[in-house]
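Data file: work_8.txt. Format and content: compact mmCIF, N, CA and C atoms.
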# COMPACT_ATOMS: atom_id res chain seq x y z
N MET F 1 6.33 -56.68 -30.10
CA MET F 1 5.98 -55.63 -29.15
C MET F 1 4.89 -56.10 -28.17
N ILE F 2 3.90 -56.79 -28.71
CA ILE F 2 2.82 -57.25 -27.85
C ILE F 2 3.31 -58.28 -26.84
N GLU F 3 4.29 -59.10 -27.25
CA GLU F 3 4.84 -60.10 -26.32
C GLU F 3 5.58 -59.41 -25.17
N PHE F 4 6.22 -58.29 -25.44
CA PHE F 4 6.90 -57.53 -24.39
C PHE F 4 5.89 -57.05 -23.34
N ILE F 5 4.74 -56.61 -23.79
CA ILE F 5 3.69 -56.16 -22.87
C ILE F 5 3.20 -57.34 -22.03
N TRP F 6 3.05 -58.52 -22.66
CA TRP F 6 2.63 -59.71 -21.91
C TRP F 6 3.66 -60.08 -20.85
N ARG F 7 4.93 -59.90 -21.18
CA ARG F 7 5.98 -60.22 -20.21
C ARG F 7 5.97 -59.25 -19.04
N ILE F 8 5.75 -57.99 -19.30
CA ILE F 8 5.64 -57.00 -18.21
C ILE F 8 4.42 -57.31 -17.34
N LEU F 9 3.32 -57.67 -17.98
CA LEU F 9 2.13 -58.04 -17.22
C LEU F 9 2.36 -59.30 -16.39
N ALA F 10 3.11 -60.26 -16.94
CA ALA F 10 3.41 -61.48 -16.19
C ALA F 10 4.27 -61.16 -14.98
N LEU F 11 5.26 -60.28 -15.14
CA LEU F 11 6.10 -59.88 -14.01
C LEU F 11 5.28 -59.15 -12.95
N SER F 12 4.43 -58.24 -13.39
CA SER F 12 3.57 -57.51 -12.45
C SER F 12 2.59 -58.44 -11.74
N GLY F 13 2.03 -59.37 -12.49
CA GLY F 13 1.11 -60.33 -11.89
C GLY F 13 1.81 -61.22 -10.88
N GLY F 14 3.03 -61.65 -11.20
CA GLY F 14 3.80 -62.46 -10.27
C GLY F 14 4.13 -61.69 -9.00
N MET F 15 4.45 -60.41 -9.15
CA MET F 15 4.72 -59.59 -7.97
C MET F 15 3.46 -59.42 -7.13
N ALA F 16 2.33 -59.24 -7.78
CA ALA F 16 1.07 -59.11 -7.04
C ALA F 16 0.76 -60.41 -6.29
N LEU F 17 0.98 -61.54 -6.95
CA LEU F 17 0.75 -62.82 -6.28
C LEU F 17 1.70 -63.00 -5.10
N GLY F 18 2.95 -62.57 -5.27
CA GLY F 18 3.92 -62.69 -4.20
C GLY F 18 3.57 -61.81 -3.01
N VAL F 19 3.13 -60.59 -3.29
CA VAL F 19 2.72 -59.71 -2.19
C VAL F 19 1.51 -60.29 -1.47
N LEU F 20 0.57 -60.84 -2.24
CA LEU F 20 -0.59 -61.47 -1.63
C LEU F 20 -0.18 -62.67 -0.77
N PHE F 21 0.69 -63.51 -1.29
CA PHE F 21 1.09 -64.73 -0.59
C PHE F 21 1.91 -64.40 0.66
N PHE F 22 3.00 -63.67 0.50
CA PHE F 22 3.90 -63.42 1.62
C PHE F 22 3.35 -62.37 2.58
N GLY F 23 2.62 -61.39 2.06
CA GLY F 23 1.94 -60.44 2.93
C GLY F 23 0.85 -61.12 3.74
N GLY F 24 0.14 -62.04 3.09
CA GLY F 24 -0.88 -62.82 3.80
C GLY F 24 -0.27 -63.70 4.87
N LEU F 25 0.90 -64.25 4.60
CA LEU F 25 1.59 -65.06 5.60
C LEU F 25 1.98 -64.20 6.80
N TRP F 26 2.52 -63.03 6.55
CA TRP F 26 2.89 -62.12 7.64
C TRP F 26 1.65 -61.75 8.47
N PHE F 27 0.56 -61.42 7.78
CA PHE F 27 -0.68 -61.06 8.46
C PHE F 27 -1.20 -62.23 9.30
N THR F 28 -1.13 -63.43 8.76
CA THR F 28 -1.60 -64.62 9.47
C THR F 28 -0.81 -64.85 10.75
N VAL F 29 0.50 -64.74 10.66
CA VAL F 29 1.33 -64.95 11.85
C VAL F 29 1.01 -63.90 12.91
N LYS F 30 0.86 -62.65 12.49
CA LYS F 30 0.54 -61.58 13.45
C LYS F 30 -0.82 -61.83 14.11
N MET F 31 -1.79 -62.29 13.36
CA MET F 31 -3.12 -62.50 13.92
C MET F 31 -3.20 -63.79 14.74
N ALA F 32 -2.50 -64.81 14.33
CA ALA F 32 -2.59 -66.11 15.01
C ALA F 32 -1.93 -66.10 16.37
N VAL F 33 -1.01 -65.19 16.60
CA VAL F 33 -0.33 -65.13 17.89
C VAL F 33 -1.32 -64.92 19.03
N ASN F 34 -2.32 -64.10 18.81
CA ASN F 34 -3.29 -63.78 19.85
C ASN F 34 -4.63 -64.50 19.67
N ALA F 35 -4.73 -65.40 18.71
CA ALA F 35 -5.99 -66.09 18.44
C ALA F 35 -6.23 -67.22 19.43
N LYS F 36 -7.51 -67.52 19.65
CA LYS F 36 -7.85 -68.63 20.53
C LYS F 36 -7.55 -69.97 19.86
N ILE F 37 -7.74 -70.03 18.55
CA ILE F 37 -7.45 -71.26 17.80
C ILE F 37 -6.51 -70.88 16.64
N PRO F 38 -5.21 -70.79 16.91
CA PRO F 38 -4.28 -70.35 15.85
C PRO F 38 -4.19 -71.33 14.68
N ALA F 39 -4.44 -72.60 14.93
CA ALA F 39 -4.38 -73.58 13.84
C ALA F 39 -5.40 -73.27 12.76
N LEU F 40 -6.54 -72.74 13.16
CA LEU F 40 -7.57 -72.36 12.20
C LEU F 40 -7.08 -71.22 11.30
N TRP F 41 -6.41 -70.25 11.89
CA TRP F 41 -5.82 -69.16 11.11
C TRP F 41 -4.81 -69.69 10.11
N PHE F 42 -3.91 -70.55 10.59
CA PHE F 42 -2.86 -71.05 9.72
C PHE F 42 -3.42 -71.93 8.59
N LEU F 43 -4.35 -72.81 8.93
CA LEU F 43 -4.91 -73.69 7.92
C LEU F 43 -5.74 -72.92 6.89
N GLY F 44 -6.59 -72.05 7.37
CA GLY F 44 -7.41 -71.25 6.45
C GLY F 44 -6.57 -70.36 5.56
N SER F 45 -5.57 -69.74 6.15
CA SER F 45 -4.69 -68.87 5.37
C SER F 45 -3.91 -69.66 4.33
N LEU F 46 -3.40 -70.81 4.74
CA LEU F 46 -2.63 -71.64 3.81
C LEU F 46 -3.48 -72.04 2.61
N LEU F 47 -4.68 -72.52 2.87
CA LEU F 47 -5.55 -72.94 1.78
C LEU F 47 -5.90 -71.77 0.85
N LEU F 48 -6.22 -70.63 1.42
CA LEU F 48 -6.57 -69.46 0.62
C LEU F 48 -5.38 -68.95 -0.18
N ARG F 49 -4.23 -68.80 0.47
CA ARG F 49 -3.04 -68.27 -0.21
C ARG F 49 -2.56 -69.19 -1.33
N VAL F 50 -2.51 -70.49 -1.06
CA VAL F 50 -2.04 -71.43 -2.07
C VAL F 50 -3.03 -71.52 -3.23
N THR F 51 -4.32 -71.54 -2.92
CA THR F 51 -5.32 -71.61 -3.99
C THR F 51 -5.25 -70.39 -4.90
N LEU F 52 -5.22 -69.20 -4.32
CA LEU F 52 -5.15 -67.99 -5.13
C LEU F 52 -3.85 -67.90 -5.93
N THR F 53 -2.76 -68.32 -5.31
CA THR F 53 -1.47 -68.26 -5.99
C THR F 53 -1.42 -69.24 -7.16
N MET F 54 -1.89 -70.45 -6.95
CA MET F 54 -1.86 -71.44 -8.04
C MET F 54 -2.80 -71.05 -9.18
N LEU F 55 -3.97 -70.52 -8.84
CA LEU F 55 -4.87 -70.04 -9.90
C LEU F 55 -4.23 -68.88 -10.67
N GLY F 56 -3.56 -67.99 -9.94
CA GLY F 56 -2.88 -66.88 -10.59
C GLY F 56 -1.79 -67.35 -11.54
N PHE F 57 -0.98 -68.30 -11.10
CA PHE F 57 0.06 -68.85 -11.97
C PHE F 57 -0.55 -69.54 -13.19
N TYR F 58 -1.63 -70.25 -12.98
CA TYR F 58 -2.29 -70.96 -14.08
C TYR F 58 -2.77 -69.98 -15.15
N PHE F 59 -3.45 -68.92 -14.73
CA PHE F 59 -3.99 -67.98 -15.70
C PHE F 59 -2.92 -67.07 -16.30
N ILE F 60 -1.94 -66.68 -15.52
CA ILE F 60 -0.89 -65.83 -16.06
C ILE F 60 0.00 -66.61 -17.02
N GLY F 61 0.35 -67.83 -16.66
CA GLY F 61 1.18 -68.65 -17.53
C GLY F 61 0.48 -69.03 -18.82
N SER F 62 -0.78 -69.40 -18.72
CA SER F 62 -1.66 -69.77 -19.84
C SER F 62 -0.95 -70.53 -20.97
N GLY F 63 -0.18 -71.55 -20.60
CA GLY F 63 0.45 -72.40 -21.60
C GLY F 63 1.76 -71.88 -22.16
N ASN F 64 2.22 -70.74 -21.71
CA ASN F 64 3.47 -70.16 -22.20
C ASN F 64 4.52 -70.27 -21.10
N TRP F 65 5.52 -71.10 -21.30
CA TRP F 65 6.50 -71.38 -20.25
C TRP F 65 7.31 -70.12 -19.88
N LEU F 66 7.56 -69.25 -20.84
CA LEU F 66 8.35 -68.05 -20.54
C LEU F 66 7.58 -67.10 -19.63
N ARG F 67 6.30 -66.94 -19.89
CA ARG F 67 5.47 -66.10 -19.00
C ARG F 67 5.41 -66.69 -17.60
N LEU F 68 5.35 -68.00 -17.53
CA LEU F 68 5.31 -68.67 -16.23
C LEU F 68 6.61 -68.44 -15.45
N VAL F 69 7.73 -68.50 -16.13
CA VAL F 69 9.03 -68.25 -15.49
C VAL F 69 9.13 -66.79 -15.05
N ILE F 70 8.68 -65.88 -15.89
CA ILE F 70 8.72 -64.45 -15.54
C ILE F 70 7.79 -64.18 -14.36
N CYS F 71 6.64 -64.83 -14.34
CA CYS F 71 5.70 -64.69 -13.22
C CYS F 71 6.34 -65.20 -11.93
N ALA F 72 7.04 -66.33 -12.01
CA ALA F 72 7.72 -66.87 -10.83
C ALA F 72 8.82 -65.93 -10.36
N LEU F 73 9.52 -65.30 -11.29
CA LEU F 73 10.54 -64.32 -10.93
C LEU F 73 9.92 -63.15 -10.16
N GLY F 74 8.79 -62.65 -10.66
CA GLY F 74 8.09 -61.57 -9.96
C GLY F 74 7.60 -62.01 -8.59
N PHE F 75 7.17 -63.25 -8.48
CA PHE F 75 6.71 -63.80 -7.21
C PHE F 75 7.83 -63.76 -6.17
N PHE F 76 9.03 -64.20 -6.57
CA PHE F 76 10.13 -64.23 -5.62
C PHE F 76 10.74 -62.86 -5.37
N LEU F 77 10.64 -61.96 -6.34
CA LEU F 77 11.05 -60.58 -6.09
C LEU F 77 10.14 -59.93 -5.05
N ALA F 78 8.87 -60.26 -5.10
CA ALA F 78 7.92 -59.71 -4.13
C ALA F 78 8.23 -60.18 -2.72
N ARG F 79 8.81 -61.35 -2.59
CA ARG F 79 9.18 -61.84 -1.26
C ARG F 79 10.15 -60.87 -0.60
N PHE F 80 11.15 -60.45 -1.35
CA PHE F 80 12.13 -59.51 -0.79
C PHE F 80 11.48 -58.16 -0.48
N LEU F 81 10.56 -57.75 -1.31
CA LEU F 81 9.84 -56.50 -1.07
C LEU F 81 9.03 -56.58 0.22
N VAL F 82 8.30 -57.66 0.40
CA VAL F 82 7.48 -57.83 1.61
C VAL F 82 8.36 -57.92 2.85
N VAL F 83 9.48 -58.61 2.77
CA VAL F 83 10.39 -58.71 3.91
C VAL F 83 10.89 -57.32 4.30
N GLN F 84 11.26 -56.52 3.32
CA GLN F 84 11.75 -55.18 3.62
C GLN F 84 10.65 -54.29 4.22
N LEU F 85 9.45 -54.41 3.68
CA LEU F 85 8.34 -53.57 4.18
C LEU F 85 7.87 -53.98 5.56
N THR F 86 7.99 -55.24 5.91
CA THR F 86 7.49 -55.70 7.20
C THR F 86 8.55 -55.68 8.30
N LYS F 87 9.79 -55.40 7.96
CA LYS F 87 10.83 -55.37 8.99
C LYS F 87 10.57 -54.31 10.05
N LYS F 88 10.03 -53.18 9.66
CA LYS F 88 9.80 -52.12 10.64
C LYS F 88 8.64 -52.44 11.59
N TYR F 89 7.82 -53.43 11.23
CA TYR F 89 6.71 -53.84 12.08
C TYR F 89 7.01 -55.13 12.84
N GLU F 90 8.26 -55.57 12.82
CA GLU F 90 8.64 -56.85 13.38
C GLU F 90 8.22 -57.03 14.83
N ASN F 91 8.47 -56.07 15.67
CA ASN F 91 8.22 -56.23 17.10
C ASN F 91 6.98 -55.50 17.58
N LYS F 92 6.18 -54.97 16.67
CA LYS F 92 4.97 -54.27 17.06
C LYS F 92 3.76 -55.17 16.85
N PRO F 93 2.76 -55.05 17.73
CA PRO F 93 1.51 -55.76 17.46
C PRO F 93 0.85 -55.21 16.21
N LEU F 94 0.08 -56.01 15.53
CA LEU F 94 -0.52 -55.61 14.26
C LEU F 94 -1.45 -54.40 14.42
N THR F 95 -2.22 -54.36 15.51
CA THR F 95 -3.14 -53.23 15.69
C THR F 95 -2.38 -51.93 15.85
N GLU F 96 -1.24 -51.96 16.54
CA GLU F 96 -0.42 -50.76 16.70
C GLU F 96 0.19 -50.35 15.37
N ALA F 97 0.64 -51.31 14.59
CA ALA F 97 1.24 -51.02 13.30
C ALA F 97 0.23 -50.40 12.35
N ILE F 98 -1.02 -50.87 12.39
CA ILE F 98 -2.05 -50.34 11.50
C ILE F 98 -2.46 -48.94 11.95
N THR F 99 -2.64 -48.71 13.25
CA THR F 99 -3.08 -47.40 13.71
C THR F 99 -2.01 -46.34 13.53
N ASN F 100 -0.74 -46.71 13.57
CA ASN F 100 0.33 -45.74 13.37
C ASN F 100 0.42 -45.30 11.93
N GLU F 101 -0.01 -46.13 11.00
CA GLU F 101 0.04 -45.79 9.58
C GLU F 101 -1.10 -44.85 9.19
N ALA F 102 -2.23 -44.93 9.88
CA ALA F 102 -3.40 -44.15 9.49
C ALA F 102 -3.33 -42.73 9.89
Let me see the structure of the file written as structure tokens.
Amino acid sequence: MIEFIWRILALSGGMALGVLFFGGLWFTVKMAVNAKIPALWFLGSLLLRVTLTMLGFYFIGSGNWLRLVICALGFFLARFLVVQLTKKYENKPLTEAITNEA
């Protein structure tokens, strides 16, 4: 029973990491379009997103290959979730998308 709870937590953690990674990528692209130095946005975002994601996988997996696989499944499921959620903001500037939600 306790292993089942760990598996659910691994799936949830993987989804959280995926939302952080792919949502952060979407945010970076939206912000870098109007930035004076877009390379700084992309480089900084890449380093932050990859570092947080790899640390998350390391701690969630914690030596258990099945939890790591379940975490990866949640990570890739989150990709589809983020794509669906960001489709409606595809052609809008980020500031307009944020103000319309509030």
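Minimum distance to F:Arg7 across F:Trp26, F:Trp65, F:Trp41, F:Phe80 (counting only C-alpha atoms) occurs at F:Trp65.
The space separating atom CA of F:Ala32 from atom CA of F:Ala16 comes to 23.4 Å.
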Hey, what's within 8 Å of F:Thr53 if we count all atoms listed in the file and toss same-chain stuff fewer than 3 positions away? As a VMD selection string, please?
-> chain F and resid 17 to 18 20 to 21 47 to 50 56 to 59
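Rounded to one decimal, atom N of F:Lys36 and atom CA of F:Val83 lie 25.4 Å from each other.
Taking atom CA of F:Met31 as the reference point, atom C of F:Leu55 is found at 25.4 Å.
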Would you place a box with edges along x, y and z of the file around all atoms of stretch 70-83 of chain F listed there, add 4 Å to each of its six sides, and report the centre and edge lengths in Å to one decimal, as AutoDock Vina command-line options?
--center_x 8.9 --center_y -61.7 --center_z -5.8 --size_x 14.4 --size_y 18.4 --size_z 28.2
